[in-house]
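Visitor: Please find work.cif (mmCIF, C-alpha atoms) on the next line:
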```cif
data_data
#
loop_
_atom_site.label_atom_id
_atom_site.label_comp_id
_atom_site.auth_asym_id
_atom_site.auth_seq_id
_atom_site.Cartn_x
_atom_site.Cartn_y
_atom_site.Cartn_z
CA MET A 580 23.56 -36.10 -12.88
CA LYS A 581 24.11 -36.61 -9.17
CA ILE A 582 21.39 -36.67 -6.57
CA GLU A 583 21.32 -37.01 -2.80
CA ASN A 584 18.75 -39.81 -2.54
CA GLU A 585 15.64 -40.99 -4.37
CA ASP A 586 13.51 -38.36 -2.64
CA ALA A 587 15.38 -35.64 -4.50
CA LEU A 588 13.76 -36.91 -7.68
CA ASP A 589 10.64 -35.03 -6.60
CA HIS A 590 12.30 -31.87 -7.83
CA LEU A 591 12.22 -33.24 -11.34
CA ILE A 592 9.21 -33.27 -13.62
CA ILE A 593 8.64 -35.12 -16.85
CA CYS A 594 6.12 -33.26 -19.02
CA HIS A 595 2.94 -35.32 -19.35
CA GLN A 596 2.57 -34.42 -23.02
CA CYS A 597 6.01 -34.55 -24.57
CA HIS A 598 8.12 -36.31 -21.91
CA THR A 599 10.75 -33.58 -21.63
CA LEU A 600 12.65 -33.54 -18.34
CA HIS A 601 12.37 -30.39 -16.25
CA GLU A 602 13.63 -29.22 -12.91
CA GLU A 603 11.08 -27.77 -10.55
CA ILE A 604 11.68 -24.21 -9.41
CA PRO A 605 9.73 -22.23 -6.79
CA ILE A 606 7.19 -19.94 -8.46
CA GLU A 607 4.98 -17.14 -7.19
CA ASP A 608 1.61 -17.78 -5.61
CA GLY A 609 -1.12 -18.19 -8.21
CA THR A 610 1.20 -18.64 -11.18
CA LYS A 611 2.00 -21.64 -13.32
CA ALA A 612 5.06 -23.21 -14.89
CA CYS A 613 4.95 -24.36 -18.51
CA CYS A 614 6.94 -26.87 -20.51
CA VAL A 615 9.64 -25.32 -22.68
CA GLU A 616 8.96 -27.75 -25.51
CA CYS A 617 5.19 -27.94 -25.85
CA ARG A 618 3.93 -25.11 -23.61
CA SER A 619 1.60 -27.36 -21.64
CA VAL A 620 1.19 -26.55 -17.95
CA LEU A 621 3.61 -28.47 -15.75
CA TYR A 622 2.49 -27.34 -12.30
CA ARG A 623 0.88 -24.46 -10.47
CA TYR A 624 1.51 -23.02 -7.08
CA ASP A 625 -1.42 -22.19 -4.85
CA SER A 626 -0.63 -21.49 -1.21
CA ARG A 627 -4.23 -22.30 -0.18
CA LEU A 628 -4.67 -25.38 -2.34
CA ILE A 629 -6.46 -27.37 0.38
CA ASP A 630 -9.11 -24.73 0.99
CA HIS A 631 -9.66 -24.02 -2.69
CA GLY A 632 -9.76 -27.71 -3.54
CA PHE A 633 -12.13 -28.56 -0.70
CA ALA A 634 -14.53 -25.73 -1.55
CA LEU A 635 -14.48 -26.56 -5.24
CA SER A 636 -15.03 -30.28 -4.84
CA LEU A 637 -17.85 -29.78 -2.36
CA THR A 638 -19.59 -27.31 -4.69
CA THR A 639 -19.18 -29.67 -7.60
CA LEU A 640 -20.66 -32.51 -5.56
CA ILE A 641 -23.74 -30.40 -4.72
CA PHE A 642 -24.29 -29.55 -8.38
CA PHE A 643 -23.86 -33.22 -9.24
CA ALA A 644 -26.62 -34.15 -6.79
CA VAL A 645 -28.96 -31.53 -8.27
CA ALA A 646 -28.16 -32.69 -11.81
CA ASN A 647 -29.15 -36.26 -10.93
CA PHE A 648 -32.31 -35.72 -8.93
CA PHE A 649 -34.15 -33.17 -11.05
CA PRO A 650 -35.60 -33.49 -14.56
CA LEU A 651 -33.07 -32.92 -17.31
CA VAL A 652 -35.41 -32.08 -20.18
CA GLN A 653 -39.12 -32.25 -20.69
CA ILE A 654 -40.79 -32.67 -24.06
CA GLU A 655 -44.33 -32.29 -25.29
CA MET A 656 -45.17 -34.44 -28.27
CA LEU A 657 -48.55 -35.34 -29.74
CA GLY A 658 -50.25 -34.29 -26.53
CA ASN A 659 -47.97 -36.46 -24.40
CA GLU A 660 -45.58 -35.09 -21.85
CA GLN A 661 -42.36 -36.83 -20.98
CA PHE A 662 -39.32 -35.96 -18.93
CA ILE A 663 -36.03 -37.65 -18.16
CA THR A 664 -33.43 -37.51 -15.42
CA ILE A 665 -29.84 -38.68 -15.86
CA PRO A 666 -30.36 -42.03 -14.05
CA MET A 667 -33.44 -42.67 -16.22
CA THR A 668 -31.28 -42.76 -19.36
CA PHE A 669 -29.40 -45.82 -18.21
CA PHE A 670 -32.35 -47.44 -16.44
CA SER A 671 -34.32 -47.36 -19.69
CA LEU A 672 -31.40 -49.06 -21.43
CA PHE A 673 -31.57 -51.79 -18.78
CA GLU A 674 -35.31 -52.17 -19.29
CA ASN A 675 -34.82 -52.70 -23.00
CA GLY A 676 -32.20 -55.36 -22.40
CA PHE A 677 -29.10 -53.33 -23.27
CA TYR A 678 -27.17 -54.34 -20.19
CA VAL A 679 -23.68 -53.69 -21.53
CA VAL A 680 -24.39 -50.16 -22.74
CA GLY A 681 -26.48 -49.51 -19.65
CA MET A 682 -23.65 -50.57 -17.35
CA LEU A 683 -21.11 -48.54 -19.27
CA CYS A 684 -23.30 -45.42 -19.17
CA ALA A 685 -24.04 -45.90 -15.46
CA VAL A 686 -20.33 -46.16 -14.72
CA VAL A 687 -19.05 -43.24 -16.82
CA LEU A 688 -22.00 -40.90 -16.15
CA PHE A 689 -22.84 -41.66 -12.56
CA LEU A 690 -20.62 -43.97 -10.52
CA PHE A 691 -17.19 -42.62 -11.44
CA PRO A 692 -18.03 -38.90 -11.40
CA LEU A 693 -19.68 -39.36 -8.01
CA ALA A 694 -16.77 -41.41 -6.69
CA ILE A 695 -14.19 -38.92 -8.00
CA PHE A 696 -15.67 -35.96 -6.19
CA VAL A 697 -16.41 -37.89 -3.00
CA LEU A 698 -12.75 -38.97 -3.01
CA TYR A 699 -11.63 -35.37 -3.61
CA VAL A 700 -13.67 -34.16 -0.62
CA MET A 701 -12.27 -36.95 1.58
CA LEU A 702 -8.75 -36.28 0.37
CA PHE A 703 -8.78 -32.56 1.07
CA LEU A 704 -10.38 -33.17 4.45
CA MET A 705 -7.62 -35.62 5.33
CA LEU A 706 -4.92 -33.20 4.24
CA LYS A 707 -6.57 -30.43 6.23
CA LEU A 708 -6.70 -32.56 9.37
CA LYS A 709 -3.25 -34.00 8.60
CA LYS A 710 -4.46 -37.55 9.06
CA GLY A 711 -4.51 -40.74 7.04
CA GLU A 712 -1.12 -40.84 5.36
CA ASP A 713 -1.65 -44.32 3.95
CA LEU A 714 -5.31 -43.90 2.97
CA SER A 715 -4.64 -40.63 1.16
CA ARG A 716 -2.04 -42.39 -0.96
CA ARG A 717 -4.54 -45.04 -1.96
CA LEU A 718 -7.22 -42.45 -2.72
CA LEU A 719 -4.84 -40.58 -5.01
CA VAL A 720 -4.03 -43.77 -6.89
CA TRP A 721 -7.74 -44.57 -7.31
CA LEU A 722 -8.41 -41.03 -8.48
CA SER A 723 -5.84 -41.21 -11.24
CA TYR A 724 -7.31 -44.52 -12.43
CA MET A 725 -10.86 -43.18 -12.48
CA LYS A 726 -10.28 -39.73 -13.94
CA PRO A 727 -10.17 -40.72 -17.63
CA TRP A 728 -13.48 -42.59 -17.28
CA SER A 729 -15.75 -39.71 -16.36
CA MET A 730 -17.66 -38.50 -19.40
CA ASN A 731 -20.20 -35.95 -18.24
CA ASP A 732 -18.87 -33.28 -20.59
CA ILE A 733 -19.53 -35.55 -23.54
CA PHE A 734 -22.98 -36.34 -22.19
CA LEU A 735 -23.79 -32.62 -22.05
CA ILE A 736 -22.98 -32.21 -25.74
CA SER A 737 -24.98 -35.39 -26.48
CA ILE A 738 -28.06 -33.86 -24.85
CA LEU A 739 -27.78 -30.87 -27.17
CA VAL A 740 -27.36 -33.13 -30.21
CA ALA A 741 -30.37 -35.24 -29.20
CA LEU A 742 -32.52 -32.16 -28.65
CA VAL A 743 -31.59 -30.59 -31.97
CA LYS A 744 -32.75 -33.84 -33.58
CA LEU A 745 -36.12 -33.43 -31.87
CA ILE A 746 -36.69 -29.81 -32.90
CA GLY A 747 -39.75 -29.70 -35.10
CA TYR A 748 -41.24 -32.88 -33.68
CA ALA A 749 -41.68 -31.83 -30.11
CA GLN A 750 -41.74 -28.88 -27.77
CA ILE A 751 -38.68 -28.88 -25.55
CA HIS A 752 -38.31 -27.46 -22.06
CA MET A 753 -34.94 -27.50 -20.35
CA GLY A 754 -35.06 -28.70 -16.76
CA VAL A 755 -33.14 -27.57 -13.68
CA ALA A 756 -30.81 -30.55 -13.95
CA PHE A 757 -29.60 -29.47 -17.37
CA TRP A 758 -28.24 -26.20 -16.01
CA ALA A 759 -26.87 -27.96 -12.94
CA LEU A 760 -25.10 -30.42 -15.23
CA ALA A 761 -23.67 -27.55 -17.28
CA VAL A 762 -22.28 -25.94 -14.11
CA PHE A 763 -20.99 -29.32 -12.94
CA VAL A 764 -19.14 -29.83 -16.23
CA LEU A 765 -17.63 -26.33 -16.07
CA LEU A 766 -16.47 -26.87 -12.49
CA ASP A 767 -15.11 -30.29 -13.43
CA ILE A 768 -13.09 -28.78 -16.30
CA TYR A 769 -11.87 -25.95 -14.07
CA MET A 770 -10.74 -28.45 -11.46
CA THR A 771 -8.90 -30.74 -13.88
CA LYS A 772 -7.18 -27.68 -15.36
CA HIS A 773 -6.21 -25.98 -12.12
CA ILE A 774 -5.66 -28.71 -9.57
CA HIS A 775 -3.41 -31.44 -10.86
CA LEU A 776 -3.07 -34.63 -8.88
CA LYS A 777 0.68 -33.99 -8.97
CA GLU A 778 0.27 -30.87 -6.84
CA ILE A 779 -1.80 -32.81 -4.32
CA TRP A 780 0.94 -35.46 -4.17
CA MET A 781 3.52 -32.75 -3.45
CA LEU A 782 1.31 -31.16 -0.82
CA ARG A 783 0.72 -34.53 0.81
CA LYS A 784 4.44 -35.17 1.02
CA GLN A 785 5.03 -31.76 2.54
CA ILE A 786 2.24 -32.11 5.12
CA PHE A 787 3.23 -35.55 6.33
CA ALA A 788 6.94 -34.65 6.35
CA GLU A 789 6.19 -31.68 8.61
CA LYS A 790 4.22 -33.90 10.95
CA GLN A 791 7.04 -36.33 11.56
CA MET B 1217 25.01 -39.76 -3.47
CA ILE B 1218 23.62 -41.66 -6.38
CA GLU B 1219 24.78 -41.22 -9.91
CA VAL B 1220 21.85 -41.20 -12.35
CA ASP B 1221 21.78 -41.03 -16.07
CA GLU B 1222 19.03 -38.69 -17.27
CA LYS B 1223 18.01 -41.25 -19.82
CA ASN B 1224 17.17 -43.70 -17.06
CA LEU B 1225 14.53 -41.48 -15.54
CA ILE B 1226 10.99 -42.66 -16.14
CA ARG B 1227 7.60 -41.31 -15.19
CA CYS B 1228 5.13 -43.31 -13.16
CA PRO B 1229 2.01 -43.67 -15.32
CA VAL B 1230 -0.25 -43.40 -12.29
CA CYS B 1231 1.08 -40.57 -10.12
CA GLU B 1232 3.55 -38.96 -12.54
CA ALA B 1233 6.45 -39.16 -10.09
CA VAL B 1234 9.91 -39.35 -11.61
CA ASN B 1235 11.59 -42.70 -10.95
CA ILE B 1236 14.90 -44.30 -11.73
CA ASP B 1237 14.52 -47.13 -14.23
CA LYS B 1238 15.65 -50.29 -12.49
CA ASP B 1239 14.60 -52.52 -15.36
CA LYS B 1240 12.87 -55.41 -13.64
CA GLU B 1241 10.61 -55.05 -10.65
CA ASN B 1242 9.96 -51.38 -11.05
CA ARG B 1243 7.67 -49.99 -8.42
CA CYS B 1244 6.89 -46.33 -8.12
CA ARG B 1245 8.61 -44.99 -5.01
CA ARG B 1246 5.66 -42.66 -4.32
CA CYS B 1247 2.44 -44.52 -5.07
CA GLY B 1248 3.66 -48.10 -5.21
CA SER B 1249 2.13 -48.94 -8.57
CA PRO B 1250 4.18 -51.10 -10.89
CA ILE B 1251 5.76 -49.26 -13.81
CA TYR B 1252 6.59 -51.34 -16.87
CA LYS B 1253 3.94 -53.77 -15.83
CA TYR B 1254 3.99 -55.34 -19.24
CA ARG B 1255 7.71 -55.56 -19.64
CA ARG B 1256 7.59 -59.11 -20.90
CA PHE B 1257 4.69 -58.62 -23.26
CA LYS B 1258 5.55 -55.14 -24.42
CA THR B 1259 2.71 -54.42 -26.80
CA GLU B 1260 0.65 -57.59 -26.88
CA LYS B 1261 -1.98 -56.50 -24.41
CA SER B 1262 -2.57 -53.28 -26.29
CA TRP B 1263 -2.80 -55.18 -29.58
CA ALA B 1264 -5.37 -57.56 -28.12
CA TYR B 1265 -7.65 -54.75 -26.96
CA LEU B 1266 -7.21 -52.88 -30.22
CA ILE B 1267 -8.12 -55.88 -32.37
CA THR B 1268 -11.18 -56.52 -30.20
CA ALA B 1269 -12.21 -52.91 -30.72
CA ILE B 1270 -11.78 -53.13 -34.49
CA ILE B 1271 -13.80 -56.35 -34.62
CA ALA B 1272 -16.58 -54.77 -32.55
CA TYR B 1273 -16.59 -51.76 -34.89
CA ILE B 1274 -17.78 -53.92 -37.82
CA PRO B 1275 -21.19 -54.94 -36.40
CA ALA B 1276 -21.47 -51.41 -35.04
CA ASN B 1277 -21.70 -50.20 -38.61
CA LEU B 1278 -23.77 -53.04 -40.05
CA TYR B 1279 -26.56 -53.28 -37.48
CA PRO B 1280 -29.10 -50.55 -36.79
CA MET B 1281 -28.18 -48.00 -34.13
CA LEU B 1282 -31.68 -46.62 -33.70
CA VAL B 1283 -35.04 -48.35 -34.13
CA SER B 1284 -37.98 -45.99 -34.26
CA THR B 1285 -41.63 -47.00 -34.38
CA GLN B 1286 -44.17 -44.43 -35.58
CA PHE B 1287 -47.82 -45.44 -35.62
CA GLY B 1288 -46.93 -49.09 -36.13
CA LYS B 1289 -44.35 -48.37 -38.83
CA THR B 1290 -40.84 -49.45 -37.86
CA GLU B 1291 -37.75 -47.76 -39.20
CA GLU B 1292 -34.17 -48.79 -38.56
CA SER B 1293 -31.13 -46.66 -39.21
CA THR B 1294 -27.44 -47.49 -39.02
CA ILE B 1295 -24.77 -44.97 -38.05
CA VAL B 1296 -23.93 -44.03 -41.63
CA GLY B 1297 -27.61 -44.14 -42.64
CA GLY B 1298 -28.48 -41.77 -39.82
CA ILE B 1299 -25.77 -39.33 -40.88
CA ILE B 1300 -26.96 -39.35 -44.50
CA LEU B 1301 -30.56 -38.91 -43.39
CA MET B 1302 -29.67 -35.89 -41.28
CA TRP B 1303 -27.51 -34.37 -44.01
CA GLU B 1304 -30.35 -34.67 -46.50
CA SER B 1305 -32.87 -33.17 -44.12
CA GLY B 1306 -30.62 -30.14 -43.69
CA SER B 1307 -29.21 -30.57 -40.17
CA TYR B 1308 -25.63 -30.17 -41.37
CA PRO B 1309 -24.01 -29.36 -38.00
CA ILE B 1310 -25.53 -32.43 -36.32
CA ALA B 1311 -24.56 -34.65 -39.26
CA ALA B 1312 -21.02 -33.28 -39.02
CA VAL B 1313 -20.81 -33.84 -35.25
CA ILE B 1314 -22.03 -37.44 -35.54
CA PHE B 1315 -19.72 -38.08 -38.50
CA PHE B 1316 -16.78 -36.72 -36.55
CA ALA B 1317 -17.63 -38.63 -33.37
CA SER B 1318 -18.63 -42.02 -34.73
CA ILE B 1319 -16.67 -42.38 -37.96
CA LEU B 1320 -13.67 -40.07 -37.98
CA VAL B 1321 -12.52 -40.33 -34.36
CA PRO B 1322 -12.70 -44.16 -34.04
CA ILE B 1323 -10.97 -44.78 -37.39
CA MET B 1324 -8.30 -42.17 -36.66
CA LYS B 1325 -7.75 -43.75 -33.29
CA PHE B 1326 -7.39 -47.23 -34.79
CA LEU B 1327 -4.88 -45.97 -37.33
CA VAL B 1328 -2.84 -43.97 -34.84
CA LEU B 1329 -2.68 -46.85 -32.37
CA VAL B 1330 -1.72 -49.34 -35.07
CA TYR B 1331 0.98 -46.92 -36.23
CA LEU B 1332 2.28 -46.40 -32.69
CA LEU B 1333 2.27 -50.11 -31.89
CA ILE B 1334 4.14 -50.97 -35.06
CA SER B 1335 6.57 -48.09 -34.78
CA VAL B 1336 7.72 -49.03 -31.29
CA LYS B 1337 8.62 -52.50 -32.49
CA TYR B 1338 10.03 -51.89 -35.94
CA PRO B 1339 12.12 -48.95 -37.10
CA LEU B 1340 9.30 -47.08 -38.75
CA GLY B 1341 9.20 -43.32 -38.99
CA LYS B 1342 12.18 -43.04 -36.70
CA ASP B 1343 13.74 -39.99 -38.29
CA LYS B 1344 10.46 -38.37 -39.22
CA LYS B 1345 9.48 -35.28 -37.35
CA VAL B 1346 6.29 -36.85 -35.97
CA ASN B 1347 5.99 -36.25 -32.27
CA LYS B 1348 4.62 -39.59 -31.18
CA HIS B 1349 4.09 -38.49 -27.59
CA LYS B 1350 1.86 -35.71 -28.79
CA LEU B 1351 0.07 -38.05 -31.19
CA TYR B 1352 -0.63 -40.44 -28.33
CA TYR B 1353 -1.76 -37.63 -26.06
CA MET B 1354 -4.14 -36.34 -28.72
CA THR B 1355 -5.78 -39.71 -29.33
CA GLU B 1356 -6.23 -40.13 -25.60
CA THR B 1357 -7.96 -36.75 -25.34
CA ILE B 1358 -10.34 -37.05 -28.28
CA GLY B 1359 -10.99 -40.78 -27.85
CA PRO B 1360 -13.91 -40.65 -25.40
CA TRP B 1361 -15.77 -38.19 -27.64
CA SER B 1362 -16.88 -41.04 -29.87
CA MET B 1363 -19.31 -41.96 -27.10
CA ILE B 1364 -21.57 -39.09 -28.26
CA ASP B 1365 -23.65 -41.31 -30.52
CA VAL B 1366 -24.24 -43.90 -27.81
CA PHE B 1367 -25.34 -41.21 -25.36
CA VAL B 1368 -27.63 -39.61 -27.95
CA VAL B 1369 -29.32 -42.95 -28.53
CA ALA B 1370 -29.64 -43.51 -24.77
CA ILE B 1371 -31.24 -40.09 -24.32
CA LEU B 1372 -33.64 -40.49 -27.24
CA ALA B 1373 -34.62 -43.99 -26.12
CA ALA B 1374 -35.34 -42.79 -22.60
CA LEU B 1375 -37.18 -39.69 -23.73
CA ILE B 1376 -39.37 -41.08 -26.48
CA HIS B 1377 -41.44 -44.03 -25.47
CA MET B 1378 -45.00 -42.92 -26.00
CA HIS B 1379 -48.07 -44.70 -27.11
CA ASN B 1380 -47.68 -44.09 -30.82
CA VAL B 1381 -44.06 -43.09 -31.17
CA GLN B 1382 -41.19 -45.08 -29.74
CA ILE B 1383 -37.45 -45.10 -30.12
CA ILE B 1384 -35.30 -47.94 -28.85
CA ALA B 1385 -31.59 -48.57 -29.18
CA GLY B 1386 -30.37 -51.07 -31.77
CA THR B 1387 -27.80 -53.83 -31.66
CA ALA B 1388 -25.14 -51.48 -32.96
CA ALA B 1389 -25.30 -49.44 -29.75
CA THR B 1390 -23.84 -52.35 -27.78
CA ALA B 1391 -21.22 -53.09 -30.42
CA PHE B 1392 -20.24 -49.45 -30.70
CA ALA B 1393 -20.03 -48.92 -26.95
CA LEU B 1394 -17.83 -52.01 -26.67
CA SER B 1395 -15.63 -50.78 -29.49
CA VAL B 1396 -15.09 -47.42 -27.78
CA PHE B 1397 -14.48 -49.12 -24.44
CA PHE B 1398 -11.79 -51.38 -25.88
CA THR B 1399 -10.04 -48.60 -27.80
CA LEU B 1400 -9.86 -46.61 -24.57
CA LEU B 1401 -8.40 -49.65 -22.82
CA ALA B 1402 -5.92 -50.24 -25.65
CA ALA B 1403 -4.71 -46.66 -25.37
CA GLN B 1404 -4.44 -46.91 -21.61
CA VAL B 1405 -2.37 -50.08 -21.46
CA PHE B 1406 -0.07 -48.81 -24.20
CA ASP B 1407 3.30 -48.31 -22.57
CA GLU B 1408 4.29 -44.75 -23.36
CA SER B 1409 7.86 -45.29 -22.34
CA LEU B 1410 8.28 -47.58 -25.35
CA ILE B 1411 8.04 -44.49 -27.55
CA LYS B 1412 10.98 -42.99 -25.73
CA GLU B 1413 13.07 -46.13 -25.96
CA ASN B 1414 12.58 -46.31 -29.69
CA ARG B 1415 13.09 -42.67 -30.43
#
```
Please re-express this file's structure in structure tokens.

Guide:
Amino acid sequence: MKIENEDALDHLIICHQCHTLHEEIPIEDGTKACCVECRSVLYRYDSRLIDHGFALSLTTLIFFAVANFFPLVQIEMLGNEQFITIPMTFFSLFENGFYVVGMLCAVVLFLFPLAIFVLYVMLFLMLKLKKGEDLSRRLLVWLSYMKPWSMNDIFLISILVALVKLIGYAQIHMGVAFWALAVFVLLDIYMTKHIHLKEIWMLRKQIFAEKQ
Amino acid sequence: MIEVDEKNLIRCPVCEAVNIDKDKENRCRRCGSPIYKYRRFKTEKSWAYLITAIIAYIPANLYPMLVSTQFGKTEESTIVGGIILMWESGSYPIAAVIFFASILVPIMKFLVLVYLLISVKYPLGKDKKVNKHKLYYMTETIGPWSMIDVFVVAILAALIHMHNVQIIAGTAATAFALSVFFTLLAAQVFDESLIKENR
């Protein structure tokens, strides 16, 4: 295979699941290209990726704030009332001396999800304003390191499991934050499915190449 | 014009850009992260994390995960004990979820990683039709789900600390969380391109 220079390698894609080599072809707006071997999505084309991405990440960030400030669930048990928020789950671990688990929970449930969406907002803003070529590269690298360590979807299922355990012992009321967390998780899944970091890399290259 | 062999194309593990394999001193041309960081110690780092995780998994099963105090009476339950208790009391779906998340997923992950680490070094299962890339991808996706039990304990401990009834986390929670953390690390530092080289 002969190529012009190293930059031409950007037209090639190695499938992230099965490592098959593909050549990138232009596709229609709003469609996706799939791997011939394993059918996983290789890339999508969205002509308004910056606007969509910015709107989505900002919305997700708002829902994240709501999910963390308001009560998650409230229970009534033996005449006592008790409620929790997401930060309270790891603070109570700290209080009981479980520093390792507490730290881990704080990182995967709070710090990284927050950082990921703040970085997304910054990134799309930078691309929109066509500024910060070097910083945007660093942000993208950080994002790809942090992405596997955000576990809010698992936490959502854990809440359900914990509550089912309590059925029969206590009366359970779902709080605002629970629904906000559910929406946050859905948006998070939608974003990981529809906006790959790869597409942002391509967009970044295109934007800063145009500028020069 | 550069002549490239398709076999020498590798993917940057961080930004997924396609790069030409230059053996030593590989840096991704797009994001600058080193590829083949562990060229000299191909699998050792992954082994180290994996063994740590397996060691941490032993106390995770021996010590209590949940300590509940009801009117002065203290009860401790381990992971397996908790599952049996829930199965007997009729909450089959919950018992199944916890069994899947804290027993099946970690053990499967240990086995798959051990298999992958051995198979990239020794000619094992070379002509079998096992897609190792897919196997690796699957373990990476379902891996974090073993955190369910830790989160459940955290939620219960935060929610139930009343005058007469209290739940606190047990020693196993720390061990289990560490075990999951190290398996995730072991999977992440595993050099996927080794699979390709040994195919």

Visitor: Do me a favour and pick out the residues of chain B within 8 Å of chain A, using all atoms listed in the file, as a VMD selection string.

Guide: chain B and resid 1217 to 1222 1226 to 1227 1230 to 1235 1247 1310 1347 1349 to 1350 1353 1360 to 1361 1363 to 1365 1367 to 1376 1378 1384 to 1385 1389 to 1390 1393 to 1394

Visitor: I'd like the interatomic distance between CA of Leu1327 in chain B and CA of Ile1299 in chain B, to a tenth of an Å.

Guide: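 Rounded to one decimal, the two atoms are 22.2 Å apart.
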
Visitor: Find, counting only C-alpha atoms, the residue in A:Asn731, A:Cys613, A:Ile746, A:Ala634 that gets nearest to Leu760 in chain A.

Guide: A:Asn731

Visitor: So which one's closest to Ala759 in chain A, A:Lys772, A:Lys709, A:Ala646, A:Gly658? Using all atoms listed in the file, please.

Guide: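 Of the candidates, the smallest distance to Ala759 in chain A is held by A:Ala646.
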
Visitor: Just checking: using all atoms listed in the file, which residue out of A:Ile786, A:Ala756, A:Met770, A:Met682 ends up closest to Tyr699 in chain A?

Guide: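 Using all atoms listed in the file, Tyr699 in chain A sits closest to A:Met770.
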
Visitor: Neighbourhood query: residues within 6 Å of (-0.6, -24.2, -11.8), file coordinates, counting all atoms listed in the file; return as a ChimeraX atom specification.

Guide: /A:610-611,622-624,773

Visitor: What would the selection look like, as a list in words, if the PyMOL selection byres ((chain B and resi 1315) around 12) were run on the coordinates I just shared?

Guide: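 When the PyMOL selection byres ((chain B and resi 1315) around 12) is applied to the shown file, the picked residues are Ile1295, Val1296, Gly1297, Gly1298, Ile1299, Ile1300, Leu1301, Met1302, Trp1303, Tyr1308, Pro1309, Ile1310, Ala1311, Ala1312, Val1313, Ile1314, Phe1316, Ala1317, Ser1318, Ile1319, Leu1320, Val1321, Pro1322, Ile1323, Trp1361, Ser1362, Ile1364 and Asp1365 of chain B.
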
Visitor: For each of B:Tyr1273, B:Tyr1331, B:Phe1406, B:Tyr1352, take the minimum atom-to-atom distance to Thr1387 in chain B, counting all atoms listed in the file, then give the residue where this is smallest.

Guide: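 Distance minimum relative to Thr1387 in chain B lands on B:Tyr1273.
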
Visitor: Counting all atoms listed in the file, I want the residues whose atoms come within 10 Å of (-0.9, -23.4, -2.4) in the file frame, returned as a PyMOL selection string.

Guide: chain A and resi 607-609+623-632+778-779+782

Visitor: Any idea what the distance is between CA of Leu1278 in chain B and CA of Val1366 in chain B?

Guide: 15.3 Å

Visitor: So how many Å separate CA of Phe757 in chain A and CA of Phe642 in chain A, to one decimal?

Guide: 10.4 Å

Visitor: Given the file shown, determine the residues that the PyMOL selection byres ((chain B and resi 1269) around 6) selects; report them as a list of chain:residue names.

Guide: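 Checked against the file, the PyMOL selection byres ((chain B and resi 1269) around 6) matches B:Leu1266, B:Ile1267, B:Thr1268, B:Ile1270, B:Ile1271, B:Ala1272, B:Ser1395, B:Phe1398, B:Thr1399.
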
Visitor: Evaluated on this file, the PyMOL selection byres ((chain B and resi 1293) around 7) picks out some residues - which ones are they, written as a list in words?

Guide: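 Applying the expression gives Pro1280, Met1281, Leu1282, Val1283, Glu1291, Glu1292, Thr1294, Ile1295, Gly1297 and Gly1298 of chain B.
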
Visitor: Quick one: of B:Gln1286, B:Asn1224, B:Ser1305, B:Gln1404, who's nearest to Trp1263 in chain B, counting all atoms listed in the file?

Guide: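 So, comparing all the options, the nearest one is B:Gln1404.
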